[in-house]
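Before any comments, here is the structure.
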Amino acid sequence: MQLSDDRPSSMNLMIRIAAALALATFVASCGQGQQQGGPPAPAVTVATPVKRTVNDYDEYVGRFVAVNSVEIRARVSGYLDSIHFNDGQLVKQGDLLFSVDKRPFQNAADQARANLEQAKSNLAFTESDLARGQQLVRDKTITEQTFEQRSQAHRNAVASVAANEAAVRQAELDLQFTELRAPVDGRIGDRRVSPGNLVTGGTGGNTTLLATIVSLDPIRFEFTFDEASYLRYERMSNVGNDIASRGTGVEISLKLIDEKTFDHKGRMDFVDNVIDRSTGTIRGRAVFANPKAVFTPGMFARVRVPGSPPYEALLVPDVAIGTEQIRKFVYVVNGENTVGQKYVTLGQVTPDGLRVIKDGLAPDDRVIVNGLMRVRPGAKVTPQEQGAQPQGQGGGPQQKPN
């Protein structure tokens with residue numbers, strides 16, 4: 001009776017063990033199936049580098065300066081009579097700006113002309129008197145001394161006429177100086193003296209400043225660069241044996257502080273002959289057309305100067321560049337669709353958003369340009385080919401990295 005009672009419990013135990021073994025086998029087989037299938041390789045976009053002829057560029061900050069800057073000062077002393085311009089307006093060469101009371105100078109000119117006529121009348125008398133004396137001295141009617149006196153009087157009359165002619169020219173010049181006209185085209189500043197005030201003229205240092213004019217078109221842009229850059233530019237200019245030009249005539253581009261691209265074109269026209277001892281820099285200058293008078297003397301801007309001869313380079317979208325501490329790298333995909341990492345030396349960014357790669361990349365490398373966050377070196381990927389064009393990366397060129 002006891003054996004028959006233990007037999008059902010043994011069978012139940014065997015059934016539970018068999019069920020546990022079956023469950024474990026099922027779970028293991030499910031895990032193995034998942035492991036064998038695994039997640040799919042991430043899809044990435046790859047592109048081969050673009051080959052292009054490029055230049056390196058250096059960027060500098062400088063200021064605009066006027067080609068001509070003129071101080072309008074009184075040439076003669078007198079009372080300021082009238083002003084013929086509005087403060088800050090554009091003026092043309094020859095435009096009337098200021099008028100000084102001309103009545104005293106008109107009187108002086110009239111008096112000088114009268115003195116000239118008197119001197120001419122005296123000259124005519126001495127000429128006829130000298131002519132009569134020549135015949136009389138030949139006839140021994142007058143002495144040699146009397147003839148010499150008449151000759152001296154004639155010479156004095158000639159000198160008097162010359163002196164009075166000079167006095168007339170000076171008086172007319174002073175009369176002309178009562179009208180001050182613009183010596184150059186440009187923009188005039190504000191008036192420094194109001195009508196009715198006495199202004200001091202002449203050539204001394206205490207003459208009265210009335211206004212200033214600065215020319216606007218063309219306009220110059222001055223900036224400084226370091227000694228190393230100067231040597232590099234000099235060697236570039238000497239490649240063509242054009243030693244005398246010292247890099248002048250090179251086309252450069254410029255952008256204002258509120259602009260994103262270097263759209264304004266100009267040319268170098270001057271490089272200074274000394275390097276500043278205190279800063280170790282040398283001054284350069286370029287000329288830009290300014291037909292709309294947007295560029296103003298004293299305004300800041302950024303200029304871009306060619307920093308190397310043209311050379312062939314490989315370019316990739318700037319978004320493909322990764323950073324590892326101070327090193328730059330790109331991810332590339334090999335023939336087995338495995339990700340690799342290549343450290344590269346960067347150049348400038350072009351206006352269309354491509355980055356120049358100076359070293360570390362081969363022309364046939366497939367560079368990952370999209371999906372960088374989903375990959376790591378050694379991982380498998382599913383590459384999709386695409387041309388190495390910028391992905392919405394606009395903007396102007398940047399300065400060459402150091």
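Ordering of the structure tokens sets the chain letters (A, B, ...); residue numbers start at 1 within each chain; ligands are numbered from 1 in the order shown.
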Worksheet item: Among region 192-366 of chain A, which ones does DSSP place in strand (DSSP E or B), written as a VMD selection string?
Response: chain A and resid 198 to 199 209 to 214 219 to 226 251 to 256 264 to 271 281 to 288 300 to 306 311 to 317 322 to 324 327 to 333 338 to 349 354 to 359 366
Write out, as a JSON list (two decimals), in the first residue's frame, the residues just selected, with C-alpha atoms.
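Written output follows (result_23.json):
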[["chain", "number", "residue", "atom", "x", "y", "z"],
["A", 198, "LEU", "CA", 36.76, 136.84, -38.13],
["A", 199, "VAL", "CA", 38.94, 134.20, -39.76],
["A", 209, "LEU", "CA", 40.23, 125.68, -39.91],
["A", 210, "LEU", "CA", 36.85, 125.95, -41.60],
["A", 211, "ALA", "CA", 36.03, 122.32, -42.54],
["A", 212, "THR", "CA", 37.56, 119.05, -43.78],
["A", 213, "ILE", "CA", 36.95, 117.01, -46.95],
["A", 214, "VAL", "CA", 37.74, 113.33, -47.45],
["A", 219, "ILE", "CA", 39.20, 104.46, -51.07],
["A", 220, "ARG", "CA", 42.18, 102.77, -49.43],
["A", 221, "PHE", "CA", 42.24, 99.97, -46.88],
["A", 222, "GLU", "CA", 45.23, 99.65, -44.53],
["A", 223, "PHE", "CA", 46.12, 96.58, -42.46],
["A", 224, "THR", "CA", 49.22, 95.06, -40.86],
["A", 225, "PHE", "CA", 50.67, 91.56, -41.08],
["A", 226, "ASP", "CA", 53.47, 89.77, -39.27],
["A", 251, "GLU", "CA", 43.66, 90.87, -56.09],
["A", 252, "ILE", "CA", 42.22, 90.64, -52.58],
["A", 253, "SER", "CA", 38.67, 90.49, -51.22],
["A", 254, "LEU", "CA", 36.95, 92.20, -48.32],
["A", 255, "LYS", "CA", 33.84, 91.98, -46.18],
["A", 256, "LEU", "CA", 32.29, 94.44, -43.74],
["A", 264, "HIS", "CA", 34.19, 93.26, -52.44],
["A", 265, "LYS", "CA", 37.23, 93.02, -54.72],
["A", 266, "GLY", "CA", 40.28, 95.28, -54.65],
["A", 267, "ARG", "CA", 44.01, 95.28, -55.37],
["A", 268, "MET", "CA", 47.14, 95.77, -53.31],
["A", 269, "ASP", "CA", 48.91, 99.01, -54.20],
["A", 270, "PHE", "CA", 51.49, 99.50, -51.44],
["A", 271, "VAL", "CA", 53.63, 97.65, -48.88],
["A", 281, "THR", "CA", 54.43, 93.95, -38.23],
["A", 282, "ILE", "CA", 54.50, 95.77, -41.54],
["A", 283, "ARG", "CA", 51.79, 97.90, -43.11],
["A", 284, "GLY", "CA", 50.03, 96.96, -46.33],
["A", 285, "ARG", "CA", 47.46, 98.90, -48.33],
["A", 286, "ALA", "CA", 44.84, 98.08, -50.93],
["A", 287, "VAL", "CA", 42.53, 100.16, -53.11],
["A", 288, "PHE", "CA", 38.79, 99.51, -53.51],
["A", 300, "PHE", "CA", 36.70, 98.48, -39.73],
["A", 301, "ALA", "CA", 36.58, 95.54, -42.15],
["A", 302, "ARG", "CA", 38.16, 92.13, -42.70],
["A", 303, "VAL", "CA", 40.34, 91.47, -45.73],
["A", 304, "ARG", "CA", 41.36, 88.15, -47.28],
["A", 305, "VAL", "CA", 44.80, 87.92, -48.92],
["A", 306, "PRO", "CA", 46.10, 85.00, -51.04],
["A", 311, "TYR", "CA", 47.73, 73.99, -55.82],
["A", 312, "GLU", "CA", 45.69, 70.80, -56.30],
["A", 313, "ALA", "CA", 43.83, 69.73, -53.16],
["A", 314, "LEU", "CA", 41.22, 67.24, -51.99],
["A", 315, "LEU", "CA", 38.03, 68.63, -50.48],
["A", 316, "VAL", "CA", 35.27, 67.05, -48.40],
["A", 317, "PRO", "CA", 32.15, 68.55, -46.77],
["A", 322, "GLY", "CA", 35.52, 64.99, -36.49],
["A", 323, "THR", "CA", 37.60, 66.17, -33.53],
["A", 324, "GLU", "CA", 39.62, 64.09, -31.11],
["A", 327, "ARG", "CA", 43.49, 66.18, -33.78],
["A", 328, "LYS", "CA", 41.05, 66.17, -36.68],
["A", 329, "PHE", "CA", 39.86, 63.00, -38.39],
["A", 330, "VAL", "CA", 37.38, 61.58, -40.90],
["A", 331, "TYR", "CA", 35.66, 58.19, -41.00],
["A", 332, "VAL", "CA", 36.24, 56.16, -44.16],
["A", 333, "VAL", "CA", 34.63, 52.93, -45.38],
["A", 338, "THR", "CA", 34.10, 48.44, -42.40],
["A", 339, "VAL", "CA", 34.61, 51.85, -40.80],
["A", 340, "GLY", "CA", 38.15, 53.18, -40.39],
["A", 341, "GLN", "CA", 39.52, 56.39, -38.92],
["A", 342, "LYS", "CA", 42.02, 58.68, -40.70],
["A", 343, "TYR", "CA", 43.70, 61.70, -39.11],
["A", 344, "VAL", "CA", 43.90, 64.65, -41.50],
["A", 345, "THR", "CA", 45.50, 68.10, -41.79],
["A", 346, "LEU", "CA", 42.91, 70.76, -42.53],
["A", 347, "GLY", "CA", 43.03, 73.78, -44.79],
["A", 348, "GLN", "CA", 40.47, 76.50, -45.40],
["A", 349, "VAL", "CA", 36.72, 76.25, -45.90],
["A", 354, "LEU", "CA", 33.90, 72.21, -48.59],
["A", 355, "ARG", "CA", 36.96, 71.79, -46.39],
["A", 356, "VAL", "CA", 40.44, 71.54, -47.91],
["A", 357, "ILE", "CA", 42.33, 68.44, -46.76],
["A", 358, "LYS", "CA", 46.08, 69.01, -47.01],
["A", 359, "ASP", "CA", 47.26, 65.62, -45.78],
["A", 366, "ARG", "CA", 35.04, 56.81, -49.29]]
Practice prompt. Would you please extract all helix (DSSP H, G or I) residues from region 26-244 of chain A, as assigned by DSSP on the backbone, and give them as number ranges by chain?
Written response: A: 26-37, 103-138, 144-177, 227-238
Worksheet item: Could you name the residues that touch Pro195 (chain A) at 7 Å or less, counting only C-alpha atoms, but leaving out those on the same chain fewer than 6 positions away, as a ChimeraX atom specification?
Response: /A:80-82
Item to complete: Please identify all polymer residues within 12 Å of Asn334 (chain A), counting only C-alpha atoms, omitting same-chain residues fewer than 5 positions from it, and present them as a PyMOL selection string.
Response: chain A and resi 46+48+339-342+364-368+377-383
File of the preceding selection, N, CA and C atoms, as a PDB file, in the first residue's frame:
ATOM      1  N   VAL A  46      28.309  58.090 -47.919  1.00  0.00           N
ATOM      2  CA  VAL A  46      29.739  58.233 -48.175  1.00  0.00           C
ATOM      3  C   VAL A  46      29.938  58.981 -49.483  1.00  0.00           C
ATOM      4  N   THR A  48      33.398  60.349 -52.206  1.00  0.00           N
ATOM      5  CA  THR A  48      34.833  60.475 -52.470  1.00  0.00           C
ATOM      6  C   THR A  48      35.218  61.945 -52.494  1.00  0.00           C
ATOM      7  N   VAL A 339      34.251  50.458 -41.080  1.00  0.00           N
ATOM      8  CA  VAL A 339      34.610  51.849 -40.799  1.00  0.00           C
ATOM      9  C   VAL A 339      36.053  51.928 -40.307  1.00  0.00           C
ATOM     10  N   GLY A 340      36.803  52.885 -40.855  1.00  0.00           N
ATOM     11  CA  GLY A 340      38.150  53.184 -40.386  1.00  0.00           C
ATOM     12  C   GLY A 340      38.280  54.668 -40.075  1.00  0.00           C
ATOM     13  N   GLN A 341      39.297  55.004 -39.332  1.00  0.00           N
ATOM     14  CA  GLN A 341      39.522  56.392 -38.919  1.00  0.00           C
ATOM     15  C   GLN A 341      40.841  56.886 -39.492  1.00  0.00           C
ATOM     16  N   LYS A 342      40.820  58.098 -40.125  1.00  0.00           N
ATOM     17  CA  LYS A 342      42.025  58.684 -40.695  1.00  0.00           C
ATOM     18  C   LYS A 342      42.195  60.096 -40.133  1.00  0.00           C
ATOM     19  N   ASP A 364      40.723  58.145 -53.561  1.00  0.00           N
ATOM     20  CA  ASP A 364      39.685  57.132 -53.712  1.00  0.00           C
ATOM     21  C   ASP A 364      39.048  56.729 -52.385  1.00  0.00           C
ATOM     22  N   ASP A 365      39.359  57.418 -51.294  1.00  0.00           N
ATOM     23  CA  ASP A 365      38.739  57.110 -50.004  1.00  0.00           C
ATOM     24  C   ASP A 365      37.258  57.448 -50.035  1.00  0.00           C
ATOM     25  N   ARG A 366      36.471  56.554 -49.433  1.00  0.00           N
ATOM     26  CA  ARG A 366      35.036  56.808 -49.287  1.00  0.00           C
ATOM     27  C   ARG A 366      34.809  57.384 -47.886  1.00  0.00           C
ATOM     28  N   VAL A 367      34.545  58.677 -47.830  1.00  0.00           N
ATOM     29  CA  VAL A 367      34.432  59.395 -46.563  1.00  0.00           C
ATOM     30  C   VAL A 367      32.972  59.451 -46.143  1.00  0.00           C
ATOM     31  N   ILE A 368      32.727  59.154 -44.881  1.00  0.00           N
ATOM     32  CA  ILE A 368      31.367  59.241 -44.343  1.00  0.00           C
ATOM     33  C   ILE A 368      31.028  60.718 -44.145  1.00  0.00           C
ATOM     34  N   PRO A 377      34.992  53.117 -35.272  1.00  0.00           N
ATOM     35  CA  PRO A 377      35.997  52.360 -36.018  1.00  0.00           C
ATOM     36  C   PRO A 377      35.838  50.860 -35.837  1.00  0.00           C
ATOM     37  N   GLY A 378      35.889  50.121 -36.948  1.00  0.00           N
ATOM     38  CA  GLY A 378      35.762  48.671 -36.921  1.00  0.00           C
ATOM     39  C   GLY A 378      34.361  48.156 -37.114  1.00  0.00           C
ATOM     40  N   ALA A 379      33.352  49.035 -37.069  1.00  0.00           N
ATOM     41  CA  ALA A 379      31.966  48.607 -37.215  1.00  0.00           C
ATOM     42  C   ALA A 379      31.612  48.434 -38.677  1.00  0.00           C
ATOM     43  N   LYS A 380      30.614  47.575 -38.929  1.00  0.00           N
ATOM     44  CA  LYS A 380      30.084  47.374 -40.265  1.00  0.00           C
ATOM     45  C   LYS A 380      28.994  48.413 -40.539  1.00  0.00           C
ATOM     46  N   VAL A 381      28.943  48.902 -41.763  1.00  0.00           N
ATOM     47  CA  VAL A 381      27.944  49.892 -42.142  1.00  0.00           C
ATOM     48  C   VAL A 381      27.374  49.528 -43.498  1.00  0.00           C
ATOM     49  N   THR A 382      26.262  50.173 -43.824  1.00  0.00           N
ATOM     50  CA  THR A 382      25.659  50.049 -45.149  1.00  0.00           C
ATOM     51  C   THR A 382      25.849  51.384 -45.869  1.00  0.00           C
ATOM     52  N   PRO A 383      26.853  51.506 -46.727  1.00  0.00           N
ATOM     53  CA  PRO A 383      27.149  52.804 -47.330  1.00  0.00           C
ATOM     54  C   PRO A 383      26.226  53.118 -48.504  1.00  0.00           C
TER      55      PRO A 383
END
Item to complete: With a distance cut-off of 7 Å and only C-alpha atoms, select the neighbouring residues of region 140-152 of chain A, excluding the residue or stretch itself and same-chain residues fewer than 5 positions from it, and output the selection as a ChimeraX atom specification.
Response: /A:129-130,133
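Atom pair CA of Lys51 (chain A) / CA of Gly335 (chain A): separated by 21.3 Å.
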Item to complete: Between CA of Ser121 (chain A) and CA of Pro104 (chain A), measure the distance and give it in Å to one decimal.
Response: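 Computing the Euclidean distance for CA of Ser121 (chain A) and CA of Pro104 (chain A) yields 26.1 Å.
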Discussion item. If we count only C-alpha atoms and set the cut-off at 9 Å, which residues sit around region 122-128 of chain A, ignoring sequence neighbours fewer than 6 positions away in its own chain? Please answer as a count of residues only.
Written reply: 10
